[in-house]
>>> print(open('structure-v8.txt').read())   # compact mmCIF, C-alpha atoms and all ligand atoms
# COMPACT_ATOMS: atom_id res chain seq x y z
CA MET Q 20 0.00 0.00 0.00
CA ARG Q 21 1.00 3.59 -0.53
CA GLU Q 22 0.60 6.15 2.24
CA SER Q 23 -1.81 8.16 0.08
CA LEU Q 24 -4.37 5.39 0.70
CA LEU Q 25 -4.78 6.67 4.29
CA GLU Q 26 -6.83 9.62 2.91
CA LEU Q 27 -9.49 7.12 1.86
CA LEU Q 28 -9.17 4.41 4.49
CA CYS Q 29 -10.74 4.18 7.95
CA CYS Q 30 -11.40 1.57 10.63
CA PRO Q 31 -14.22 -0.79 9.56
CA MET Q 32 -15.30 -1.20 13.20
CA CYS Q 33 -15.53 2.38 14.55
CA ARG Q 34 -14.79 4.55 11.43
CA GLY Q 35 -11.77 6.01 13.24
CA ASP Q 36 -8.66 7.29 11.43
CA LEU Q 37 -5.79 4.90 10.88
CA ALA Q 38 -2.07 5.38 11.32
CA ILE Q 39 0.49 3.20 9.59
CA ASP Q 40 3.45 1.59 11.23
CA ALA Q 41 5.54 0.40 8.29
CA GLU Q 42 7.90 -2.56 8.67
CA THR Q 43 9.16 -3.14 5.15
CA ARG Q 44 9.04 -0.74 2.23
CA GLU Q 45 10.00 -0.87 -1.41
CA ASP Q 46 10.15 2.64 -2.85
CA GLU Q 47 6.74 4.21 -2.10
CA GLU Q 48 5.14 0.85 -1.39
CA ILE Q 49 4.64 -0.39 2.18
CA LEU Q 50 4.88 -4.17 1.87
CA SER Q 51 4.32 -5.08 5.49
CA GLY Q 52 3.32 -3.33 8.67
CA LYS Q 53 0.37 -2.50 10.87
CA LEU Q 54 -2.53 -0.10 10.58
CA ARG Q 55 -3.71 1.12 13.96
CA CYS Q 56 -7.08 2.71 14.67
CA SER Q 57 -6.97 5.96 16.65
CA GLY Q 58 -10.46 5.23 18.00
CA CYS Q 59 -10.87 1.60 19.09
CA ARG Q 60 -7.11 0.83 18.90
CA LYS Q 61 -7.75 -2.23 16.74
CA GLU Q 62 -4.84 -3.25 14.53
CA PHE Q 63 -4.90 -4.49 10.94
CA LEU Q 64 -1.94 -6.12 9.24
CA VAL Q 65 -0.47 -5.12 5.91
CA ILE Q 66 0.78 -8.31 4.27
CA GLY Q 67 2.27 -8.50 0.79
CA GLY Q 68 1.48 -4.82 0.22
CA VAL Q 69 -2.24 -5.26 0.96
CA PRO Q 70 -4.10 -4.08 4.10
CA ARG Q 71 -6.05 -7.05 5.51
CA MET Q 72 -9.25 -5.61 6.96
CA LEU Q 73 -11.63 -8.54 7.11
CA PRO Q 74 -13.74 -9.15 10.21
CA ASP Q 75 -12.42 -11.85 12.53
CA ALA Q 76 -14.94 -14.39 11.22
CA LEU Q 77 -16.98 -14.59 8.02
CA PRO Q 78 -20.32 -16.40 7.62
CA GLU Q 79 -19.85 -19.86 6.06
CA ASP Q 80 -21.24 -18.96 2.60
CA MET Q 81 -19.02 -15.88 2.32
CA ALA Q 82 -15.96 -17.82 3.45
CA LEU Q 83 -16.62 -20.42 0.72
CA THR Q 84 -17.17 -17.67 -1.86
CA ALA Q 85 -13.83 -16.12 -0.87
CA LYS Q 86 -12.09 -19.50 -1.09
CA ASN Q 87 -13.54 -20.56 -4.46
CA PHE Q 88 -13.15 -17.22 -6.24
CA GLY Q 89 -9.70 -16.67 -4.72
CA GLN Q 90 -8.68 -19.99 -6.30
CA SER Q 91 -10.32 -19.08 -9.58
CA TRP Q 92 -8.42 -15.77 -9.94
CA LYS Q 93 -5.15 -17.48 -9.08
CA LEU Q 94 -5.78 -19.93 -11.94
CA TRP Q 95 -6.65 -17.24 -14.47
CA LYS Q 96 -4.47 -14.39 -13.35
CA ASP Q 97 -3.24 -13.13 -16.71
CA ILE Q 98 -4.16 -9.66 -17.84
CA ASP Q 99 -5.15 -8.64 -21.34
CA ASP Q 100 -5.75 -4.88 -21.10
CA GLU Q 101 -7.27 -4.46 -24.55
CA ARG Q 102 -9.85 -7.23 -24.22
CA TYR Q 103 -10.73 -6.19 -20.68
CA ARG Q 104 -11.17 -2.58 -21.81
CA TRP Q 105 -13.97 -3.34 -24.29
CA GLN Q 106 -15.52 -5.83 -21.89
CA PHE Q 107 -15.47 -3.31 -19.04
CA LEU Q 108 -17.02 -0.51 -21.12
CA ARG Q 109 -19.85 -2.88 -22.04
CA TRP Q 110 -20.46 -3.63 -18.35
CA VAL Q 111 -20.46 -0.02 -17.18
CA GLN Q 112 -22.33 1.37 -20.18
CA PRO Q 113 -23.09 4.17 -20.91
CA LEU Q 114 -20.00 5.38 -18.98
CA GLN Q 115 -17.05 6.32 -21.16
CA PRO Q 116 -13.30 6.57 -20.39
CA GLU Q 117 -13.62 10.36 -19.78
CA ASP Q 118 -16.08 9.65 -16.93
CA PHE Q 119 -13.15 8.18 -14.95
CA LYS Q 120 -10.65 10.94 -15.65
CA GLY Q 121 -9.44 12.73 -12.52
CA LYS Q 122 -11.95 10.83 -10.34
CA THR Q 123 -11.51 8.98 -7.06
CA VAL Q 124 -12.96 5.56 -7.85
CA LEU Q 125 -13.96 2.42 -5.92
CA ASP Q 126 -14.02 -1.07 -7.46
CA CYS Q 127 -16.15 -3.39 -5.25
CA GLY Q 128 -14.95 -6.93 -5.86
CA CYS Q 129 -11.80 -6.28 -7.88
CA GLY Q 130 -10.82 -9.97 -8.33
CA LYS Q 131 -7.49 -10.17 -10.12
CA GLY Q 132 -7.46 -6.41 -10.74
CA ARG Q 133 -8.31 -6.37 -14.45
CA HIS Q 134 -10.77 -3.46 -14.16
CA LEU Q 135 -8.51 -1.58 -11.78
CA ARG Q 136 -5.95 -1.51 -14.58
CA VAL Q 137 -8.45 -0.44 -17.20
CA ALA Q 138 -10.01 2.34 -15.08
CA ALA Q 139 -6.60 3.56 -13.85
CA GLN Q 140 -5.47 3.84 -17.46
CA PHE Q 141 -8.54 6.00 -18.17
CA GLY Q 142 -6.86 8.53 -15.86
CA THR Q 143 -8.45 8.10 -12.41
CA ALA Q 144 -6.88 10.28 -9.71
CA GLN Q 145 -6.93 7.27 -7.37
CA ILE Q 146 -8.70 3.95 -7.52
CA VAL Q 147 -9.24 1.49 -4.68
CA GLY Q 148 -9.99 -2.16 -5.38
CA VAL Q 149 -11.63 -4.12 -2.59
CA ASP Q 150 -12.04 -7.89 -2.54
CA LEU Q 151 -13.05 -10.48 0.02
CA SER Q 152 -10.73 -13.17 -1.28
CA GLU Q 153 -7.03 -13.80 -1.59
CA ALA Q 154 -7.35 -12.64 -5.19
CA VAL Q 155 -6.11 -9.36 -3.68
CA ASP Q 156 -2.59 -10.80 -3.94
CA VAL Q 157 -3.08 -11.32 -7.68
CA ALA Q 158 -4.65 -7.84 -8.01
CA PHE Q 159 -1.71 -6.27 -6.17
CA ALA Q 160 0.81 -8.00 -8.44
CA ASN Q 161 -1.21 -7.08 -11.54
CA THR Q 162 -1.42 -3.37 -10.66
CA ARG Q 163 1.87 -2.70 -8.94
CA ASP Q 164 3.18 -0.72 -11.88
CA LEU Q 165 0.27 1.75 -11.61
CA GLU Q 166 0.80 4.43 -8.95
CA ASN Q 167 -2.85 5.47 -8.68
CA VAL Q 168 -4.12 1.96 -7.76
CA HIS Q 169 -4.68 0.63 -4.22
CA VAL Q 170 -5.83 -2.86 -3.22
CA VAL Q 171 -7.53 -3.72 0.11
CA GLN Q 172 -8.88 -7.03 1.42
CA ALA Q 173 -12.24 -6.29 3.02
CA ASP Q 174 -15.87 -7.28 3.35
CA ILE Q 175 -18.42 -5.36 1.25
CA TYR Q 176 -20.72 -5.09 4.29
CA ARG Q 177 -17.99 -3.43 6.37
CA LEU Q 178 -16.00 -1.35 3.96
CA PRO Q 179 -13.02 0.31 5.69
CA LEU Q 180 -13.49 3.46 3.62
CA LYS Q 181 -14.41 7.05 4.40
CA GLY Q 182 -17.06 7.37 1.71
CA ASN Q 183 -15.61 10.17 -0.39
CA PHE Q 184 -15.60 8.50 -3.79
CA ASP Q 185 -16.70 10.23 -7.00
CA LEU Q 186 -17.59 6.94 -8.63
CA ALA Q 187 -18.08 3.37 -7.43
CA TYR Q 188 -18.69 0.32 -9.59
CA SER Q 189 -19.12 -3.40 -9.06
CA VAL Q 190 -18.84 -5.72 -12.04
CA GLY Q 191 -19.96 -9.34 -11.74
CA VAL Q 192 -19.81 -9.41 -7.94
CA LEU Q 193 -23.04 -8.27 -6.22
CA HIS Q 194 -24.93 -11.39 -7.41
CA HIS Q 195 -22.37 -13.56 -5.59
CA THR Q 196 -22.94 -11.85 -2.22
CA PRO Q 197 -25.51 -13.18 0.30
CA ASP Q 198 -27.72 -10.07 -0.08
CA PRO Q 199 -27.12 -8.25 -3.40
CA ALA Q 200 -29.47 -5.36 -2.55
CA LYS Q 201 -27.67 -4.72 0.74
CA SER Q 202 -24.29 -4.98 -1.00
CA PHE Q 203 -25.40 -2.40 -3.56
CA GLN Q 204 -26.44 0.01 -0.79
CA SER Q 205 -23.15 -0.54 1.04
CA MET Q 206 -21.22 0.37 -2.14
CA THR Q 207 -23.49 3.36 -2.81
CA GLN Q 208 -22.89 4.76 0.68
CA GLN Q 209 -19.23 5.14 -0.28
CA VAL Q 210 -20.09 7.65 -3.01
CA ARG Q 211 -20.33 11.38 -2.30
CA ALA Q 212 -23.48 13.37 -3.09
CA GLY Q 213 -23.65 13.91 -6.85
CA GLY Q 214 -21.29 10.98 -7.52
CA THR Q 215 -21.90 8.03 -9.85
CA VAL Q 216 -22.76 4.39 -9.11
CA ALA Q 217 -22.48 1.55 -11.63
CA CYS Q 218 -23.15 -2.17 -11.37
CA TRP Q 219 -23.36 -5.18 -13.63
CA VAL Q 220 -25.19 -8.33 -12.52
CA TYR Q 221 -26.53 -11.59 -13.95
CA GLY Q 222 -30.06 -11.18 -15.32
CA ARG Q 223 -33.00 -13.47 -14.59
CA GLU Q 224 -34.59 -12.85 -17.98
CA ASN Q 225 -33.44 -15.47 -20.55
CA ASN Q 226 -31.47 -17.31 -17.84
CA TRP Q 227 -34.35 -19.50 -16.61
CA TRP Q 228 -32.43 -22.57 -17.85
CA ILE Q 229 -29.44 -21.70 -15.63
CA VAL Q 230 -31.74 -21.21 -12.66
CA LYS Q 231 -33.55 -24.51 -13.36
CA VAL Q 232 -30.69 -26.73 -14.58
CA VAL Q 233 -27.25 -25.30 -13.74
CA ASN Q 234 -28.09 -23.93 -10.27
CA PRO Q 235 -29.21 -27.25 -8.76
CA LEU Q 236 -26.06 -28.96 -10.14
CA ARG Q 237 -23.87 -26.13 -8.84
CA ILE Q 238 -25.48 -26.07 -5.40
CA GLY Q 239 -25.76 -29.85 -5.01
CA ILE Q 240 -22.52 -30.98 -6.62
CA THR Q 241 -19.97 -28.83 -8.40
CA ARG Q 242 -19.34 -26.11 -5.81
CA HIS Q 243 -18.12 -28.82 -3.42
CA LEU Q 244 -15.82 -30.64 -5.89
CA PRO Q 245 -12.04 -30.16 -5.93
CA SER Q 246 -10.84 -27.43 -8.26
CA TRP Q 247 -9.08 -29.81 -10.72
CA MET Q 248 -12.30 -31.75 -11.25
CA VAL Q 249 -14.36 -28.60 -11.88
CA ARG Q 250 -11.65 -27.39 -14.27
CA ALA Q 251 -11.98 -30.64 -16.25
CA ILE Q 252 -15.78 -30.33 -16.34
CA ALA Q 253 -15.50 -26.67 -17.40
CA TRP Q 254 -13.13 -27.67 -20.21
CA VAL Q 255 -15.60 -30.28 -21.52
CA LEU Q 256 -18.57 -27.89 -21.29
CA ALA Q 257 -16.65 -25.03 -22.92
CA THR Q 258 -15.66 -27.38 -25.74
CA VAL Q 259 -19.32 -28.34 -26.28
CA ILE Q 260 -20.29 -24.64 -26.21
CA PHE Q 261 -17.60 -23.73 -28.75
CA CYS Q 262 -18.69 -26.57 -31.07
CA GLY Q 263 -22.23 -25.19 -30.79
CA ILE Q 264 -21.03 -21.67 -31.54
CA HIS Q 265 -19.19 -22.73 -34.71
CA LEU Q 266 -21.77 -25.26 -35.92
CA VAL Q 267 -24.94 -23.29 -35.13
CA TYR Q 268 -24.48 -19.67 -34.06
CA VAL Q 269 -21.87 -18.59 -36.62
CA PRO Q 270 -23.71 -20.12 -39.64
CA ALA Q 271 -26.97 -18.71 -38.22
CA ARG Q 272 -25.47 -15.23 -38.35
CA TRP Q 273 -24.54 -15.75 -42.02
CA VAL Q 274 -28.19 -16.35 -42.91
CA GLY Q 275 -29.53 -13.64 -40.58
CA TRP Q 276 -31.13 -16.07 -38.09
CA LYS Q 277 -30.83 -15.23 -34.38
CA PRO Q 278 -31.37 -18.34 -32.22
CA PHE Q 279 -31.87 -18.21 -28.43
CA TYR Q 280 -28.79 -16.83 -26.62
CA ALA Q 281 -27.19 -15.71 -29.92
CA ASP Q 282 -25.87 -12.38 -28.58
CA TYR Q 283 -24.13 -14.08 -25.70
CA MET Q 284 -22.74 -17.01 -27.70
CA LEU Q 285 -21.18 -14.70 -30.30
CA TYR Q 286 -19.73 -12.63 -27.46
CA LEU Q 287 -18.12 -15.79 -26.01
CA LYS Q 288 -16.61 -16.52 -29.42
CA ASP Q 289 -15.01 -13.06 -29.44
CA LEU Q 290 -13.68 -13.58 -25.91
CA GLY Q 291 -11.96 -16.81 -26.89
CA PHE Q 292 -11.93 -20.33 -25.49
CA ALA Q 293 -9.76 -19.74 -22.39
CA GLU Q 294 -11.90 -16.87 -21.12
CA ALA Q 295 -15.11 -18.81 -21.87
CA ARG Q 296 -13.80 -21.78 -19.91
CA HIS Q 297 -13.13 -19.47 -16.97
CA ILE Q 298 -16.71 -18.16 -17.15
CA VAL Q 299 -18.08 -21.72 -17.15
CA TYR Q 300 -15.78 -22.59 -14.23
CA ASP Q 301 -17.06 -19.62 -12.21
CA HIS Q 302 -20.66 -20.69 -12.84
CA LEU Q 303 -19.85 -24.13 -11.43
CA ILE Q 304 -17.94 -23.08 -8.30
CA ALA Q 305 -19.92 -20.10 -7.04
CA PRO Q 306 -21.40 -20.88 -3.60
CA THR Q 307 -23.92 -18.07 -4.10
CA ALA Q 308 -25.37 -16.78 -7.37
CA PHE Q 309 -28.50 -14.67 -7.83
CA TYR Q 310 -30.11 -14.03 -11.21
CA LEU Q 311 -31.83 -10.67 -11.00
CA ARG Q 312 -34.83 -9.20 -12.80
CA LYS Q 313 -34.74 -5.69 -14.22
CA ASP Q 314 -37.27 -4.44 -11.66
CA GLU Q 315 -35.14 -5.78 -8.79
CA VAL Q 316 -32.08 -3.87 -10.02
CA ALA Q 317 -34.22 -0.76 -10.62
CA ALA Q 318 -35.45 -1.00 -7.01
CA TRP Q 319 -31.85 -0.86 -5.70
CA PHE Q 320 -31.38 2.51 -7.39
CA GLU Q 321 -34.75 3.73 -6.15
CA THR Q 322 -33.87 2.80 -2.55
CA ALA Q 323 -30.61 4.75 -2.94
CA LYS Q 324 -32.71 7.73 -4.15
CA ILE Q 325 -31.06 7.57 -7.55
CA SER Q 326 -33.76 8.62 -9.98
CA THR Q 327 -33.78 7.66 -13.68
CA PRO Q 328 -30.80 5.30 -13.76
CA THR Q 329 -29.79 3.82 -17.12
CA LEU Q 330 -30.51 0.08 -17.15
CA SER Q 331 -29.02 -1.75 -20.13
CA TRP Q 332 -29.82 -5.37 -21.02
CA VAL Q 333 -26.31 -6.58 -21.86
CA GLN Q 334 -26.33 -9.42 -24.44
CA LYS Q 335 -29.90 -10.04 -23.30
CA VAL Q 336 -28.60 -12.02 -20.29
CA SER Q 337 -27.47 -9.43 -17.73
CA TRP Q 338 -28.14 -5.92 -16.41
CA ALA Q 339 -25.83 -2.93 -16.37
CA GLY Q 340 -27.12 -0.12 -14.19
CA VAL Q 341 -25.64 3.36 -13.91
CA GLY Q 342 -26.98 6.35 -12.00
CA ARG Q 343 -26.05 9.49 -10.19
CA LYS Q 344 -26.68 10.19 -6.50
CA PRO Q 345 -28.61 13.38 -5.86
CA ALA Q 346 -26.51 16.44 -5.07
CA GLN Q 347 -26.98 17.56 -1.47
ZN ZN W 401 -11.59 1.53 15.23
>>> encode(input="structure-v8.txt", output="structure tokens")
Amino acid sequence: MRESLLELLCCPMCRGDLAIDAETREDEEILSGKLRCSGCRKEFLVIGGVPRMLPDALPEDMALTAKNFGQSWKLWKDIDDERYRWQFLRWVQPLQPEDFKGKTVLDCGCGKGRHLRVAAQFGTAQIVGVDLSEAVDVAFANTRDLENVHVVQADIYRLPLKGNFDLAYSVGVLHHTPDPAKSFQSMTQQVRAGGTVACWVYGRENNWWIVKVVNPLRIGITRHLPSWMVRAIAWVLATVIFCGIHLVYVPARWVGWKPFYADYMLYLKDLGFAEARHIVYDHLIAPTAFYLRKDEVAAWFETAKISTPTLSWVQKVSWAGVGRKPAQ
């Protein structure tokens, strides 16, 4: 962590200010040390350059989510800035790179740090990535070359942050938390009056077959299997999907026919096999996954008093919501 993070960070227990006691440094980076709260005196360790600010114990479902997704990001830790840039802009639409310029930004659920890199390169003043899992180690390594990026391990329901962000986003994460609506509100509270909130979540519409077929298999079987076995299953399924794409969806496009799920299948083709296999893997290992209707996502914004958000139906399988908090 860099010392400039202290402007944004606070104690997750009592909201008190934190002071850093650095043990090892490398240039501007504090690699190990202790953060101490001026209020309740609680201490938080900095390990491997990342402040560890989780509560002492996590509920069982969140602990399993952290374990499974932490493993997943360690398996697929490579970064491809160009691909992630177009993907990210699709997920935060209609935001554009200039909406990030000069802003203080929060990424809720940063995973391996791919969007931290993209947003930082759009010119954010500072960006903080928060994640529950050990993926923070991958995110730290993946963003170490970028001075305006910070990574913190924390729980979305107890964010150790002062709430002075211009923009907060969460991409592909809220639906994996135990209470997505509450998670959305927790993220939104971190944004100043007049600031922007963006989220992307799995949609319920068109995903009835996942809810009916994949969910029971995931809940009953695959989320409990060892990682190597799920990887093998994901490889087989991704192979079947890619055969389907090339035998059905690509020829269908030639003749102007749009079968069910066409937008998403052609998007997977553009992403490539490795990325698609990772998506399948994540669907099989997630301990918690909600598929949300448009009106449910709209209600989150309404509760946060964000009027007229933009809700986009991405590839007809997911929802991207963006809105602005009222000015004071
Ligand atoms: Zn405290």
>>> closest_residue(input="structure-v8.txt", among="Q:Thr196, Q:Gln347, Q:Thr143, Q:Asn161", to="Ala85 (chain Q)", atoms="only C-alpha atoms")
Q:Thr196
>>> residues_near_ligand(input="structure-v8.txt", ligand="ligand ZN 401 (chain W)", cutoff="7 Å", atoms="all atoms listed in the file", output="PyMOL selection string")
chain Q and resi 30-35+56-61
>>> residues_around(input="structure-v8.txt", residues="Val149 (chain Q)", least_positions_apart="6", cutoff="10 Å", atoms="all atoms listed in the file", output="MDAnalysis selection string")
chainID Q and resid 72 125:130 132 155 158 169:175 178:180 189
>>> atom_distance(input="structure-v8.txt", atom1="CA of Arg163 (chain Q)", atom2="CA of Ala41 (chain Q)")
17.9 Å
>>> residues_around(input="structure-v8.txt", residues="Pro306 (chain Q)", least_positions_apart="2", cutoff="7 Å", atoms="all atoms listed in the file", output="list in words")
Asp80, Leu83, Thr84, Ile238, Arg242, Ile304 and Ala308 of chain Q
>>> closest_residue(input="structure-v8.txt", among="Q:Ser337, Q:Gln209, Q:Thr307, Q:Ser202", to="Arg223 (chain Q)", atoms="all atoms listed in the file")
Q:Ser337
>>> closest_residue(input="structure-v8.txt", among="Q:Leu24, Q:Ile240, Q:Leu135, Q:Leu94", to="Ala305 (chain Q)", atoms="all atoms listed in the file")
Q:Ile240
>>> atom_distance(input="structure-v8.txt", atom1="CA of Phe203 (chain Q)", atom2="CA of Tyr283 (chain Q)")
25.1 Å
>>> closest_residue(input="structure-v8.txt", among="Q:Arg21, Q:Lys96, Q:Arg44, Q:His302", to="Ile229 (chain Q)", atoms="all atoms listed in the file")
Q:His302
>>> residues_near_point(input="structure-v8.txt", point="(-23.8, 5.0, -9.0)", cutoff="10 Å", atoms="all atoms listed in the file", output="ChimeraX atom specification")
/Q:185-189,203-204,206-211,213-218,320,323,325,328,340-344
>>> decode(input="structure-v8.txt", residues="region 295-306 of chain Q", atoms="C-alpha atoms", output="compact mmCIF listing (two decimals), in the first residue's frame")
# COMPACT_ATOMS: atom_id res chain seq x y z
CA ALA Q 295 -15.11 -18.81 -21.87
CA ARG Q 296 -13.80 -21.78 -19.91
CA HIS Q 297 -13.13 -19.47 -16.97
CA ILE Q 298 -16.71 -18.16 -17.15
CA VAL Q 299 -18.08 -21.72 -17.15
CA TYR Q 300 -15.78 -22.59 -14.23
CA ASP Q 301 -17.06 -19.62 -12.21
CA HIS Q 302 -20.66 -20.69 -12.84
CA LEU Q 303 -19.85 -24.13 -11.43
CA ILE Q 304 -17.94 -23.08 -8.30
CA ALA Q 305 -19.92 -20.10 -7.04
CA PRO Q 306 -21.40 -20.88 -3.60
